[in-house]
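J.: The structure file model_10.tsv (TSV, C-alpha atoms and all ligand atoms) is provided below.
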```tsv
chain	number	residue	atom	x	y	z
A	5	MET	CA	-17.66	19.46	-7.35
A	6	ARG	CA	-18.39	15.80	-6.81
A	7	ILE	CA	-16.60	14.07	-3.93
A	8	PHE	CA	-16.36	10.29	-3.55
A	9	SER	CA	-14.67	8.06	-1.03
A	10	GLY	CA	-14.95	4.47	0.13
A	11	ILE	CA	-14.27	2.77	3.45
A	12	GLN	CA	-13.99	-0.89	4.38
A	13	PRO	CA	-16.71	-2.32	6.59
A	14	THR	CA	-15.41	-3.12	10.04
A	15	GLY	CA	-16.56	-2.22	13.53
A	16	ARG	CA	-12.99	-1.51	14.47
A	17	LYS	CA	-12.19	1.78	12.86
A	18	HIS	CA	-9.06	3.32	14.37
A	19	LEU	CA	-7.73	6.81	14.97
A	20	GLY	CA	-5.83	6.68	11.64
A	21	ASN	CA	-9.06	6.10	9.72
A	22	TYR	CA	-10.75	8.84	11.70
A	23	ILE	CA	-8.05	11.46	11.29
A	24	GLY	CA	-6.89	10.51	7.78
A	25	ALA	CA	-10.27	9.92	6.19
A	26	ILE	CA	-13.52	10.21	8.17
A	27	ARG	CA	-12.72	13.76	9.32
A	28	GLN	CA	-12.35	14.76	5.66
A	29	TYR	CA	-15.65	13.09	4.71
A	30	VAL	CA	-17.50	15.19	7.27
A	31	GLU	CA	-15.87	18.37	6.03
A	32	GLY	CA	-16.57	17.40	2.39
A	33	GLN	CA	-20.33	17.38	2.93
A	34	ASP	CA	-20.50	21.14	2.60
A	35	ARG	CA	-18.39	21.30	-0.56
A	36	GLY	CA	-19.58	18.17	-2.33
A	37	ASP	CA	-22.32	18.37	-4.93
A	38	PRO	CA	-22.91	15.78	-3.82
A	39	ALA	CA	-20.43	14.15	-1.44
A	40	ILE	CA	-20.78	10.39	-1.89
A	41	TYR	CA	-19.52	7.86	0.68
A	42	CYS	CA	-19.57	4.14	0.13
A	43	ILE	CA	-19.07	1.22	2.49
A	44	VAL	CA	-17.17	-1.23	0.34
A	45	ASP	CA	-18.43	-4.71	1.16
A	46	LEU	CA	-17.35	-5.97	-2.27
A	47	HIS	CA	-13.76	-5.05	-1.46
A	48	ALA	CA	-14.00	-6.86	1.86
A	49	ILE	CA	-14.58	-10.26	0.20
A	50	THR	CA	-11.09	-10.23	-1.36
A	51	VAL	CA	-9.59	-11.64	1.87
A	52	PRO	CA	-10.98	-14.40	4.13
A	53	TYR	CA	-14.19	-13.30	5.90
A	54	GLN	CA	-17.44	-14.54	7.49
A	55	PRO	CA	-20.63	-13.69	5.52
A	56	SER	CA	-22.74	-13.08	8.63
A	57	GLU	CA	-20.07	-10.83	10.12
A	58	LEU	CA	-19.80	-8.82	6.93
A	59	ARG	CA	-23.43	-7.70	7.14
A	60	ARG	CA	-22.95	-6.74	10.77
A	61	ALA	CA	-19.74	-4.88	10.01
A	62	VAL	CA	-21.49	-2.78	7.35
A	63	LEU	CA	-24.00	-1.63	9.98
A	64	ASP	CA	-21.18	-0.96	12.46
A	65	THR	CA	-19.44	1.24	9.92
A	66	THR	CA	-22.67	3.01	8.95
A	67	ALA	CA	-23.36	3.87	12.59
A	68	MET	CA	-19.75	4.99	13.03
A	69	LEU	CA	-19.89	7.35	10.05
A	70	LEU	CA	-23.18	8.84	11.23
A	71	ALA	CA	-21.77	9.21	14.75
A	72	ALA	CA	-18.77	11.03	13.29
A	73	GLY	CA	-21.08	13.58	11.70
A	74	LEU	CA	-22.18	12.34	8.29
A	75	ASP	CA	-25.70	13.54	7.64
A	76	PRO	CA	-27.73	11.59	5.05
A	77	ASP	CA	-29.48	14.82	4.10
A	78	ARG	CA	-26.16	16.40	3.15
A	79	CYS	CA	-24.38	13.41	1.57
A	80	VAL	CA	-25.06	10.11	-0.18
A	81	LEU	CA	-24.16	7.21	2.12
A	82	PHE	CA	-24.59	3.69	0.75
A	83	ARG	CA	-23.34	0.12	0.56
A	84	GLN	CA	-21.32	-0.80	-2.53
A	85	GLY	CA	-22.97	-4.23	-2.94
A	86	ASP	CA	-26.38	-2.56	-3.34
A	87	VAL	CA	-25.36	-0.81	-6.57
A	88	HIS	CA	-24.45	-3.38	-9.21
A	89	GLU	CA	-23.00	-0.72	-11.54
A	90	HIS	CA	-19.75	-0.93	-9.55
A	91	THR	CA	-19.07	-4.53	-10.50
A	92	GLU	CA	-20.11	-4.00	-14.08
A	93	LEU	CA	-17.87	-0.98	-14.52
A	94	CYS	CA	-15.01	-2.85	-12.85
A	95	TRP	CA	-15.12	-5.48	-15.58
A	96	LEU	CA	-15.35	-2.91	-18.35
A	97	LEU	CA	-12.34	-1.04	-16.93
A	98	THR	CA	-10.19	-4.18	-16.92
A	99	ALA	CA	-9.98	-3.60	-20.69
A	100	VAL	CA	-7.89	-0.47	-20.07
A	101	THR	CA	-5.92	-1.61	-17.01
A	102	ALA	CA	-2.44	-3.08	-17.39
A	103	HIS	CA	-1.67	-6.31	-15.58
A	104	GLY	CA	1.77	-4.85	-14.79
A	105	GLU	CA	0.22	-1.82	-13.07
A	106	LEU	CA	-1.78	-4.04	-10.75
A	107	ASN	CA	1.34	-6.09	-10.01
A	108	ARG	CA	3.09	-2.94	-8.80
A	109	MET	CA	0.41	-1.95	-6.26
A	110	THR	CA	1.98	-1.78	-2.79
A	111	GLN	CA	-1.20	-2.80	-1.03
A	112	PHE	CA	-1.56	-5.88	-3.23
A	113	LYS	CA	2.03	-6.88	-2.52
A	114	GLU	CA	1.54	-6.44	1.23
A	115	LYS	CA	-1.84	-8.12	1.45
A	116	SER	CA	-0.98	-11.03	-0.84
A	117	ALA	CA	2.18	-11.72	1.21
A	118	ARG	CA	-0.03	-12.03	4.30
A	119	GLN	CA	-2.48	-14.60	2.83
A	120	ARG	CA	-1.89	-18.12	4.07
A	121	GLU	CA	-4.24	-20.10	1.86
A	122	LEU	CA	-5.47	-18.26	-1.16
A	123	VAL	CA	-4.38	-15.09	-2.92
A	124	SER	CA	-7.68	-14.40	-4.66
A	125	ALA	CA	-7.95	-12.89	-8.13
A	126	GLY	CA	-10.25	-10.38	-6.44
A	127	LEU	CA	-7.35	-9.10	-4.35
A	128	PHE	CA	-5.43	-8.49	-7.57
A	129	LEU	CA	-8.38	-6.68	-9.20
A	130	TYR	CA	-9.18	-4.70	-6.05
A	131	PRO	CA	-7.77	-1.40	-7.42
A	132	VAL	CA	-9.90	-1.73	-10.59
A	133	LEU	CA	-13.05	-2.04	-8.49
A	134	GLN	CA	-11.85	0.98	-6.54
A	135	ALA	CA	-11.40	2.88	-9.82
A	136	ALA	CA	-14.93	1.87	-10.82
A	137	ASP	CA	-16.27	3.17	-7.49
A	138	VAL	CA	-14.98	6.65	-8.20
A	139	LEU	CA	-15.32	6.81	-11.98
A	140	ALA	CA	-18.96	5.63	-11.90
A	141	TYR	CA	-19.83	8.94	-10.21
A	142	ARG	CA	-17.56	11.13	-12.34
A	143	ALA	CA	-16.15	12.36	-9.02
A	144	HIS	CA	-13.61	15.20	-9.04
A	145	GLU	CA	-12.11	14.65	-5.63
A	146	VAL	CA	-11.21	11.57	-3.58
A	147	PRO	CA	-10.45	12.20	0.13
A	148	VAL	CA	-8.23	9.42	1.52
A	149	GLY	CA	-5.23	8.78	3.77
A	150	GLU	CA	-1.70	8.60	2.36
A	151	ASP	CA	-1.82	4.82	1.84
A	152	GLN	CA	-4.49	5.18	-0.87
A	153	ARG	CA	-2.58	7.69	-2.99
A	154	GLN	CA	-1.24	5.00	-5.32
A	155	HIS	CA	-4.72	3.62	-5.94
A	156	VAL	CA	-5.99	7.07	-6.87
A	157	GLU	CA	-3.06	7.56	-9.24
A	158	LEU	CA	-3.97	4.29	-10.93
A	159	MET	CA	-7.61	5.30	-11.37
A	160	ARG	CA	-6.46	8.51	-12.99
A	161	GLU	CA	-4.38	6.46	-15.45
A	162	ILE	CA	-7.37	4.23	-16.15
A	163	ALA	CA	-9.68	7.20	-16.79
A	164	ILE	CA	-7.14	8.90	-19.07
A	165	ARG	CA	-6.57	5.69	-21.02
A	166	PHE	CA	-10.31	5.10	-21.33
A	167	ASN	CA	-10.92	8.61	-22.64
A	168	ASN	CA	-8.08	8.32	-25.16
A	169	ARG	CA	-9.28	4.97	-26.44
A	170	PHE	CA	-13.07	5.46	-26.41
A	171	GLY	CA	-13.60	9.25	-26.35
A	172	GLU	CA	-14.11	11.74	-23.49
A	173	THR	CA	-16.42	9.89	-21.12
A	174	LEU	CA	-14.88	9.78	-17.64
A	175	VAL	CA	-13.72	12.48	-15.20
A	176	VAL	CA	-10.08	12.20	-14.11
A	177	PRO	CA	-10.26	12.54	-10.29
A	178	GLU	CA	-7.84	14.32	-7.93
A	179	VAL	CA	-6.60	12.86	-4.67
A	180	ARG	CA	-7.16	14.80	-1.44
A	181	VAL	CA	-4.82	13.84	1.38
A	182	PRO	CA	-4.87	15.89	4.61
A	183	GLU	CA	-1.79	18.04	5.33
A	184	VAL	CA	-1.47	16.76	8.88
A	185	GLY	CA	-2.54	13.26	9.93
A	186	ALA	CA	-2.50	11.49	6.56
A	187	ARG	CA	-0.49	8.64	8.04
A	188	ILE	CA	-1.01	7.95	11.73
A	189	MET	CA	1.51	5.42	13.02
A	190	ASP	CA	1.19	2.34	15.22
A	191	LEU	CA	1.86	3.35	18.86
A	192	GLN	CA	3.99	0.26	19.47
A	193	ALA	CA	5.80	0.31	16.12
A	194	PRO	CA	5.87	3.97	15.08
A	195	THR	CA	7.62	3.30	11.79
A	196	ASP	CA	4.56	1.31	10.59
A	197	LYS	CA	1.15	2.82	9.88
A	198	MET	CA	-1.71	2.15	12.26
A	199	SER	CA	-3.76	-0.57	10.59
A	200	THR	CA	-6.73	-2.82	11.34
A	201	THR	CA	-5.04	-5.97	10.14
A	202	ALA	CA	-1.28	-5.52	10.49
A	203	SER	CA	-0.94	-3.70	13.84
A	204	THR	CA	-0.93	-4.95	17.41
A	205	GLU	CA	-3.90	-4.38	19.70
A	206	GLN	CA	-1.79	-2.19	22.03
A	207	GLY	CA	-0.50	-0.11	19.11
A	208	THR	CA	-3.95	0.68	17.70
A	209	LEU	CA	-6.32	3.29	19.13
A	210	TYR	CA	-9.85	2.34	18.19
A	211	VAL	CA	-12.51	5.01	17.83
A	212	LEU	CA	-14.67	3.01	20.24
A	213	ASP	CA	-11.95	2.54	22.89
A	214	ASP	CA	-12.94	3.90	26.31
A	215	GLU	CA	-10.85	6.39	28.24
A	216	LYS	CA	-9.05	3.75	30.25
A	217	ALA	CA	-7.92	1.90	27.14
A	218	ILE	CA	-6.90	5.12	25.41
A	219	THR	CA	-4.83	6.28	28.38
A	220	LYS	CA	-3.14	2.90	28.77
A	221	LYS	CA	-2.23	2.67	25.09
A	222	ILE	CA	-0.89	6.21	24.84
A	223	LYS	CA	1.06	5.99	28.09
A	224	SER	CA	2.76	2.81	26.89
A	225	ALA	CA	3.43	4.18	23.38
A	226	VAL	CA	6.98	3.53	22.21
A	227	THR	CA	9.14	6.67	22.29
A	228	ASP	CA	12.85	7.37	21.91
A	229	SER	CA	15.24	7.81	24.81
A	230	GLY	CA	15.50	11.59	24.43
A	231	SER	CA	13.34	14.07	26.26
A	232	GLU	CA	12.39	16.74	23.76
A	233	VAL	CA	8.81	16.96	22.47
A	234	ARG	CA	9.50	17.67	18.81
A	235	VAL	CA	9.00	16.24	15.33
A	236	ALA	CA	12.14	14.59	13.93
A	237	ALA	CA	13.01	11.66	11.69
A	238	ASP	CA	14.76	9.86	14.54
A	239	LYS	CA	11.78	10.39	16.87
A	240	PRO	CA	8.93	8.59	15.10
A	241	GLY	CA	6.96	7.84	18.28
A	242	ILE	CA	6.96	11.39	19.64
A	243	SER	CA	6.44	12.81	16.14
A	244	ASN	CA	3.32	10.69	15.77
A	245	LEU	CA	1.89	11.93	19.09
A	246	VAL	CA	2.68	15.55	18.19
A	247	GLU	CA	0.83	15.08	14.93
A	248	VAL	CA	-2.20	13.53	16.66
A	249	MET	CA	-2.27	16.43	19.11
A	250	ALA	CA	-1.93	18.99	16.30
A	251	VAL	CA	-4.88	17.51	14.41
A	252	ILE	CA	-7.09	17.38	17.47
A	253	ARG	CA	-6.27	20.97	18.43
A	254	GLY	CA	-6.54	22.16	14.83
A	255	VAL	CA	-3.05	23.72	14.90
A	256	ASP	CA	0.30	22.94	13.22
A	257	ASN	CA	3.11	20.82	14.68
A	258	PRO	CA	5.35	23.75	15.76
A	259	THR	CA	2.51	25.13	17.91
A	260	ILE	CA	2.39	21.83	19.82
A	261	GLU	CA	6.20	21.72	20.08
A	262	ARG	CA	6.19	25.21	21.61
A	263	GLU	CA	3.39	24.37	24.02
A	264	PHE	CA	5.22	21.32	25.40
A	265	ASP	CA	8.73	22.75	25.20
A	266	GLY	CA	10.68	21.64	28.27
A	267	GLN	CA	8.06	19.13	29.44
A	268	GLN	CA	8.74	15.46	30.11
A	269	TYR	CA	7.37	12.73	27.84
A	270	GLY	CA	5.15	11.51	30.70
A	271	ALA	CA	3.34	14.83	31.01
A	272	PHE	CA	3.03	15.15	27.23
A	273	LYS	CA	1.57	11.66	26.90
A	274	GLN	CA	-0.93	12.41	29.66
A	275	ALA	CA	-2.05	15.53	27.77
A	276	VAL	CA	-2.36	13.60	24.49
A	277	ALA	CA	-4.36	10.85	26.20
A	278	GLU	CA	-6.81	13.38	27.62
A	279	ALA	CA	-7.13	15.18	24.28
A	280	VAL	CA	-7.77	11.93	22.38
A	281	ALA	CA	-10.30	10.74	24.98
A	282	ASP	CA	-12.19	14.06	24.79
A	283	PHE	CA	-12.04	13.96	21.00
A	284	LEU	CA	-13.46	10.43	20.67
A	285	ARG	CA	-15.94	10.46	23.56
A	286	PRO	CA	-18.84	12.16	21.71
A	287	VAL	CA	-18.39	9.85	18.71
A	288	ARG	CA	-18.47	6.77	20.93
A	289	GLU	CA	-21.56	8.03	22.75
A	290	ARG	CA	-23.45	8.80	19.54
A	291	TYR	CA	-22.42	5.43	18.16
A	292	GLU	CA	-23.94	3.65	21.18
A	293	GLU	CA	-27.20	5.52	20.53
A	294	LEU	CA	-27.31	4.86	16.79
A	295	ARG	CA	-26.05	1.29	16.44
A	296	PRO	CA	-29.08	-0.51	18.01
A	297	ASP	CA	-31.48	0.95	15.42
A	298	GLU	CA	-30.69	-1.55	12.68
A	299	ALA	CA	-33.89	-0.86	10.74
A	300	GLY	CA	-33.02	2.82	10.67
A	301	LEU	CA	-29.46	2.12	9.49
A	302	GLN	CA	-30.76	-0.20	6.74
A	303	GLN	CA	-33.21	2.47	5.68
A	304	THR	CA	-30.44	5.07	5.44
A	305	LEU	CA	-28.35	2.72	3.29
A	306	ALA	CA	-31.30	1.84	1.05
A	307	GLU	CA	-32.10	5.50	0.39
A	308	GLY	CA	-28.44	6.20	-0.27
A	309	ALA	CA	-28.22	3.30	-2.73
A	310	GLU	CA	-31.17	4.61	-4.69
A	311	ARG	CA	-29.58	8.03	-5.08
A	312	ALA	CA	-26.19	6.51	-5.89
A	313	GLN	CA	-27.62	4.20	-8.53
A	314	ALA	CA	-29.34	7.04	-10.34
A	315	LEU	CA	-25.94	8.71	-10.78
A	316	ALA	CA	-23.94	5.57	-11.60
A	317	SER	CA	-26.40	4.17	-14.12
A	318	ALA	CA	-26.10	7.31	-16.24
A	319	THR	CA	-22.31	6.86	-16.45
A	320	LEU	CA	-22.67	3.17	-17.25
A	321	ARG	CA	-24.97	3.96	-20.13
A	322	ASP	CA	-22.29	6.26	-21.61
A	323	VAL	CA	-19.47	3.79	-20.96
A	324	ARG	CA	-21.31	0.87	-22.58
A	325	HIS	CA	-22.18	3.03	-25.54
A	326	ALA	CA	-18.61	4.30	-25.95
A	327	MET	CA	-17.24	0.76	-25.75
A	328	GLY	CA	-19.79	-0.79	-28.10
A	329	VAL	CA	-20.91	-3.26	-25.43
A	330	GLY	CA	-24.51	-4.57	-25.28
A	331	GLY	CA	-27.44	-3.32	-27.36
A	332	GLU	CA	-28.04	0.37	-28.19
A	401	LIG	P1	-9.87	1.37	5.31
A	401	LIG	O1	-10.31	1.14	6.71
A	401	LIG	O2	-8.69	0.57	4.91
A	401	LIG	O3	-10.99	1.31	4.33
A	401	LIG	O4	-9.34	2.86	5.26
A	401	LIG	C1	-10.24	3.95	5.27
A	401	LIG	C2	-9.50	5.25	5.09
A	401	LIG	O5	-8.61	5.46	6.19
A	401	LIG	C3	-8.63	5.33	3.83
A	401	LIG	O6	-8.84	6.58	3.22
A	401	LIG	C4	-7.23	5.21	4.34
A	401	LIG	O7	-6.29	5.90	3.54
A	401	LIG	C5	-7.33	5.85	5.71
A	401	LIG	N1	-6.30	5.32	6.64
A	401	LIG	C6	-6.10	4.02	6.95
A	401	LIG	N2	-5.08	3.89	7.83
A	401	LIG	C7	-4.62	5.15	8.09
A	401	LIG	C8	-3.59	5.70	8.93
A	401	LIG	N3	-2.83	4.90	9.69
A	401	LIG	N4	-3.42	7.03	8.95
A	401	LIG	C9	-4.21	7.85	8.19
A	401	LIG	N5	-5.20	7.40	7.38
A	401	LIG	C10	-5.41	6.07	7.32
A	402	LIG	N1	-9.31	0.80	-0.77
A	402	LIG	C1	-9.77	1.80	0.16
A	402	LIG	C2	-9.16	1.51	1.53
A	402	LIG	O1	-8.73	0.43	1.82
A	402	LIG	C3	-11.27	1.82	0.28
A	402	LIG	C4	-11.93	2.24	-1.00
A	402	LIG	C5	-12.68	1.48	-1.84
A	402	LIG	C6	-11.91	3.55	-1.58
A	402	LIG	N2	-13.16	2.19	-2.87
A	402	LIG	C7	-12.70	3.47	-2.76
A	402	LIG	C8	-11.31	4.75	-1.23
A	402	LIG	C9	-12.87	4.58	-3.60
A	402	LIG	C10	-11.48	5.86	-2.06
A	402	LIG	C11	-12.25	5.76	-3.24
A	402	LIG	O2	-9.11	2.38	2.36
```
Write the structure described by the file as structure tokens, please.
T.:
Amino acid sequence: MRIFSGIQPTGRKHLGNYIGAIRQYVEGQDRGDPAIYCIVDLHAITVPYQPSELRRAVLDTTAMLLAAGLDPDRCVLFRQGDVHEHTELCWLLTAVTAHGELNRMTQFKEKSARQRELVSAGLFLYPVLQAADVLAYRAHEVPVGEDQRQHVELMREIAIRFNNRFGETLVVPEVRVPEVGARIMDLQAPTDKMSTTASTEQGTLYVLDDEKAITKKIKSAVTDSGSEVRVAADKPGISNLVEVMAVIRGVDNPTIEREFDGQQYGAFKQAVAEAVADFLRPVRERYEELRPDEAGLQQTLAEGAERAQALASATLRDVRHAMGVGGE
């Protein structure tokens, strides 16, 4: 079983990324043959950015993933921009991608609405590059948070259409979204997802936040005026905290509801703050150890890219052949 996922380069990964995605990457290392994880710098250039910061952010994210438990001996960890097969396959796949499908992508609609100066063509083609990322490795499984489900559905469509048009060449991947924690909400606006770009500072728990910041943010999280600790549609703030607690404890929501039955919100929030701080502390500490060794991080990425390219180039050979592109 081949597993593939991608993550945007930024030093500011939040609890949603950690719970929805990174946790699954770590778990996938033992099932993946191999598990392949890619830091997607080519996706990051679709919105305004600083070139020098991009390189730094890739190293931040590499250190974060290693701190979270990725082990380069048990997975392939690399930078997208080091493996040119991704961009080549992206172009080839545009031949079997409908313009109308891309127009319907929720993330494109949201992100393009937020751009002040330029809605780049790259932002529009973003999901095709994402399809290329996965299809280049003939991956079977794509671990992501809920917000990426639509992109995985599109890549399935693209693979199916490619195989129908040019013959069985690509693997149609399956999405893997965690049962609990696939959509962690903003603490200040619990009907919106926690997000690096759209959320407020106070509403976002960063993996690298210290205990003081974590406690302050959770204690000031928006909750309803009731007093029951339970999951309900009209209690998005408390529901979100119950879910966070359930993930950290490795139990289901009802177990948390029972544990805090009859307790005040204040006491519950205090318990969640302590649990989150304990959960993130070892990651933050390992990150501080790993991040300064830039040569080591570069080396890890270079070795990963070499392994990734060996896999992707074999697929590209088949795709070019099937499509009649280039020489024999
Ligand atoms: P990104 O930082 O946008 O590359 O996202 C990396 C991964 O985190 C993707 O698999 C997303 O689906 C996941 N993710 C992002 N935000 C959240 C959230 N609020 N809750 C759960 N998962 C999330
Ligand atoms: N678009 C994804 C996100 O924003 C990141 C990503 C890029 C990805 N390529 C991928 C995720 C391939 C899964 C598979 O989170």
J.: Name the closest residue to ligand LIG 401 (chain A) among the candidates A:Ser243, A:Ser9, A:Thr259, A:Gln192; distances are taken between atoms, counting only C-alpha atoms and all ligand atoms.
T.: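 Closest to ligand LIG 401 (chain A) of all the choices is A:Ser9.
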J.: Fewer than 4 positions away in the same chain doesn't count, so skip those; otherwise give me all residues within 10 Å of segment 284-291 of chain A, counting all atoms listed in the file, as a list in words.
T.: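 Listed by chain and then number, they are Leu19, Tyr22, Asp64, Thr65, Thr66, Ala67, Met68, Leu69, Leu70, Ala71, Ala72, Gly73, Tyr210, Val211, Leu212, Asp213, Asp214, Glu215, Ile218, Ile252, Ala279, Val280, Arg295 and Pro296 of chain A.
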J.: Counting only C-alpha atoms and all ligand atoms, what are the residues of chain A within 7 Å of ligand LIG 402 (chain A), and for each of them which pair of atoms is the nearest and at what distance in Å, to one decimal? Sort the table by chain and rising number, as JSON lines.
T.:
```
{"residue": "A:Phe8", "atom": "CA", "partner": "A:LIG402", "partner_atom": "C11", "distance": 6.1}
{"residue": "A:Ser9", "atom": "CA", "partner": "A:LIG402", "partner_atom": "C11", "distance": 4.0}
{"residue": "A:Gly10", "atom": "CA", "partner": "A:LIG402", "partner_atom": "C6", "distance": 3.6}
{"residue": "A:Ile11", "atom": "CA", "partner": "A:LIG402", "partner_atom": "C3", "distance": 4.5}
{"residue": "A:Gln12", "atom": "CA", "partner": "A:LIG402", "partner_atom": "C3", "distance": 5.6}
{"residue": "A:Val44", "atom": "CA", "partner": "A:LIG402", "partner_atom": "C5", "distance": 5.7}
{"residue": "A:His47", "atom": "CA", "partner": "A:LIG402", "partner_atom": "C5", "distance": 6.6}
{"residue": "A:Gln134", "atom": "CA", "partner": "A:LIG402", "partner_atom": "N2", "distance": 4.1}
{"residue": "A:Ala135", "atom": "CA", "partner": "A:LIG402", "partner_atom": "C9", "distance": 6.6}
{"residue": "A:Asp137", "atom": "CA", "partner": "A:LIG402", "partner_atom": "C9", "distance": 5.4}
{"residue": "A:Val138", "atom": "CA", "partner": "A:LIG402", "partner_atom": "C9", "distance": 5.5}
{"residue": "A:Val146", "atom": "CA", "partner": "A:LIG402", "partner_atom": "C11", "distance": 5.9}
{"residue": "A:Pro147", "atom": "CA", "partner": "A:LIG402", "partner_atom": "C10", "distance": 6.8}
{"residue": "A:Val148", "atom": "CA", "partner": "A:LIG402", "partner_atom": "C10", "distance": 6.0}
{"residue": "A:Gln152", "atom": "CA", "partner": "A:LIG402", "partner_atom": "O2", "distance": 6.3}
```
J.: Point out the residue among A:Ala217, A:Leu93, A:Ile242, A:Leu46 with the least atom-to-atom distance to Ser229 of chain A, counting all atoms listed in the file.
T.: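 Looking only at the distances to Ser229 of chain A, the closest residue turns out to be A:Ile242.
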J.: Can you write out as a Markdown table which residues of chain A fall within 9 Å of ligand LIG 401 (chain A), alongside each residue's closest atom pair and its distance in Å to one decimal, counting all atoms listed in the file and ordering rows by chain and ascending residue number?
T.:
```
| residue | atom | partner | partner_atom | distance |
| --- | --- | --- | --- | --- |
| A:Ser9 | CA | A:LIG401 | O6 | 7.4 |
| A:Gly10 | CA | A:LIG401 | O3 | 6.6 |
| A:Ile11 | CA | A:LIG401 | O3 | 3.7 |
| A:Gln12 | CA | A:LIG401 | O3 | 3.7 |
| A:Pro13 | CA | A:LIG401 | O3 | 7.1 |
| A:Thr14 | CA | A:LIG401 | O1 | 7.4 |
| A:Arg16 | CA | A:LIG401 | O1 | 8.6 |
| A:Lys17 | CA | A:LIG401 | O1 | 6.5 |
| A:His18 | CA | A:LIG401 | N2 | 7.7 |
| A:Leu19 | CA | A:LIG401 | C8 | 7.4 |
| A:Gly20 | CA | A:LIG401 | N4 | 3.6 |
| A:Asn21 | CA | A:LIG401 | O5 | 3.6 |
| A:Tyr22 | CA | A:LIG401 | O5 | 6.8 |
| A:Ile23 | CA | A:LIG401 | C9 | 6.1 |
| A:Gly24 | CA | A:LIG401 | N5 | 3.6 |
| A:Ala25 | CA | A:LIG401 | O6 | 4.7 |
| A:Ile26 | CA | A:LIG401 | C2 | 7.1 |
| A:Ile43 | CA | A:LIG401 | O3 | 8.3 |
| A:Val44 | CA | A:LIG401 | O3 | 7.8 |
| A:Val146 | CA | A:LIG401 | O6 | 8.8 |
| A:Pro147 | CA | A:LIG401 | O6 | 6.6 |
| A:Val148 | CA | A:LIG401 | O6 | 3.4 |
| A:Gly149 | CA | A:LIG401 | O7 | 3.1 |
| A:Glu150 | CA | A:LIG401 | O7 | 5.5 |
| A:Asp151 | CA | A:LIG401 | O7 | 4.9 |
| A:Gln152 | CA | A:LIG401 | O7 | 4.8 |
| A:Arg153 | CA | A:LIG401 | O7 | 7.7 |
| A:Val181 | CA | A:LIG401 | O7 | 8.4 |
| A:Pro182 | CA | A:LIG401 | C9 | 8.8 |
| A:Gly185 | CA | A:LIG401 | C9 | 5.9 |
| A:Ala186 | CA | A:LIG401 | C9 | 4.3 |
| A:Arg187 | CA | A:LIG401 | N4 | 3.5 |
| A:Ile188 | CA | A:LIG401 | N4 | 3.8 |
| A:Met189 | CA | A:LIG401 | N3 | 5.5 |
| A:Asp190 | CA | A:LIG401 | N3 | 7.3 |
| A:Asp196 | CA | A:LIG401 | N3 | 8.3 |
| A:Lys197 | CA | A:LIG401 | N3 | 4.5 |
| A:Met198 | CA | A:LIG401 | N3 | 3.9 |
| A:Ser199 | CA | A:LIG401 | N2 | 5.4 |
| A:Thr200 | CA | A:LIG401 | O1 | 7.1 |
```
J.: Counting all atoms listed in the file, select every polymer residue within 6 Å of (8.0, 5.8, 13.5) as defined in the file's coordinates, and provide the selection as a PyMOL selection string.
T.: chain A and resi 194-195+240-241
J.: For atom CA of Arg120 of chain A and atom CA of Pro55 of chain A, determine how far apart the two atoms are, in Å to one decimal place.
T.: 19.3 Å
J.: Compare A:Thr201, A:Thr219, A:Thr304, A:Thr173 by their minimum atom-to-atom distance to Thr319 of chain A, counting only C-alpha atoms, and give me the closest one.
T.: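 The closest residue to Thr319 of chain A is A:Thr173.
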J.: Find the residue from A:Val87, A:Val235, A:Val175, A:Val62 that sits nearest to Glu310 of chain A; use all atoms listed in the file when measuring.
T.: A:Val87
J.: Just give me the gap between atom CA of Leu97 of chain A and atom CA of Ala318 of chain A in Å, one decimal is fine.
T.: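 So the two atoms, atom CA of Leu97 of chain A and atom CA of Ala318 of chain A, lie 16.1 Å apart.
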J.: From the options A:Lys216, A:Leu96, A:Ser116, A:Glu121, which residue's atoms come nearest to Gly330 of chain A, counting all atoms listed in the file?
T.: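 Of all the options, A:Leu96 lies closest to Gly330 of chain A.
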J.: Got a sec to check which residues sit within 6 Å of (3.3, -3.8, 14.3), counting all atoms listed in the file, and write them as a PyMOL selection string?
T.: chain A and resi 193+203-204
J.: Could you please determine the separation between atom CA of Pro76 of chain A and atom CA of Gly308 of chain A in Å, to one decimal place?
T.: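 So the two atoms, atom CA of Pro76 of chain A and atom CA of Gly308 of chain A, lie 7.6 Å apart.
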J.: With distances taken over only C-alpha atoms, which of A:Phe166, A:Tyr141, A:Phe283, A:Phe82 is nearest to Ser317 of chain A?
T.: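 Smallest distance to Ser317 of chain A is found for A:Tyr141.
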J.: If we count all atoms listed in the file, what is near segment 125-132 of chain A at a cut-off of 7 Å, once residues fewer than 3 positions away on the same chain are taken out, given as a ChimeraX atom specification?
T.: /A:47,50,94,97-98,106,112,135-136,155
J.: Which residues come within 12 Å of Val233 of chain A, counting all atoms listed in the file, excluding same-chain residues fewer than 5 positions away, as a PyMOL selection string?
T.: chain A and resi 227-228+239-247+249+257-273+276
J.: Taking every listed atom of segment 261-274 of chain A and adding 5 Å to each side, what centre and edge lengths in Å (one decimal) does the axis-aligned box have, as JSON?
T.:
```
{"center_x": 4.9, "center_y": 18.4, "center_z": 25.5, "size_x": 21.6, "size_y": 23.7, "size_z": 20.9}
```
J.: Which residues, written as a list of chain:residue names, have at least one atom at most 9 Å from Gly32 of chain A, with only C-alpha atoms counted and residues fewer than 6 positions away on the same chain left out?
T.: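 Residues near the query, excluding close chain neighbours: A:Ile7, A:Ala39, A:Cys79, A:Pro147.
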J.: Kindly save the residues from that selection, with C-alpha atoms included, as an mmCIF file, in the frame of the given file.
T.:
```
data_model
loop_
_atom_site.group_PDB
_atom_site.id
_atom_site.type_symbol
_atom_site.label_atom_id
_atom_site.label_comp_id
_atom_site.auth_asym_id
_atom_site.auth_seq_id
_atom_site.Cartn_x
_atom_site.Cartn_y
_atom_site.Cartn_z
ATOM 1 C CA ILE A 7 -16.600 14.070 -3.930
ATOM 2 C CA ALA A 39 -20.430 14.150 -1.440
ATOM 3 C CA CYS A 79 -24.380 13.410 1.570
ATOM 4 C CA PRO A 147 -10.450 12.200 0.130
#
```
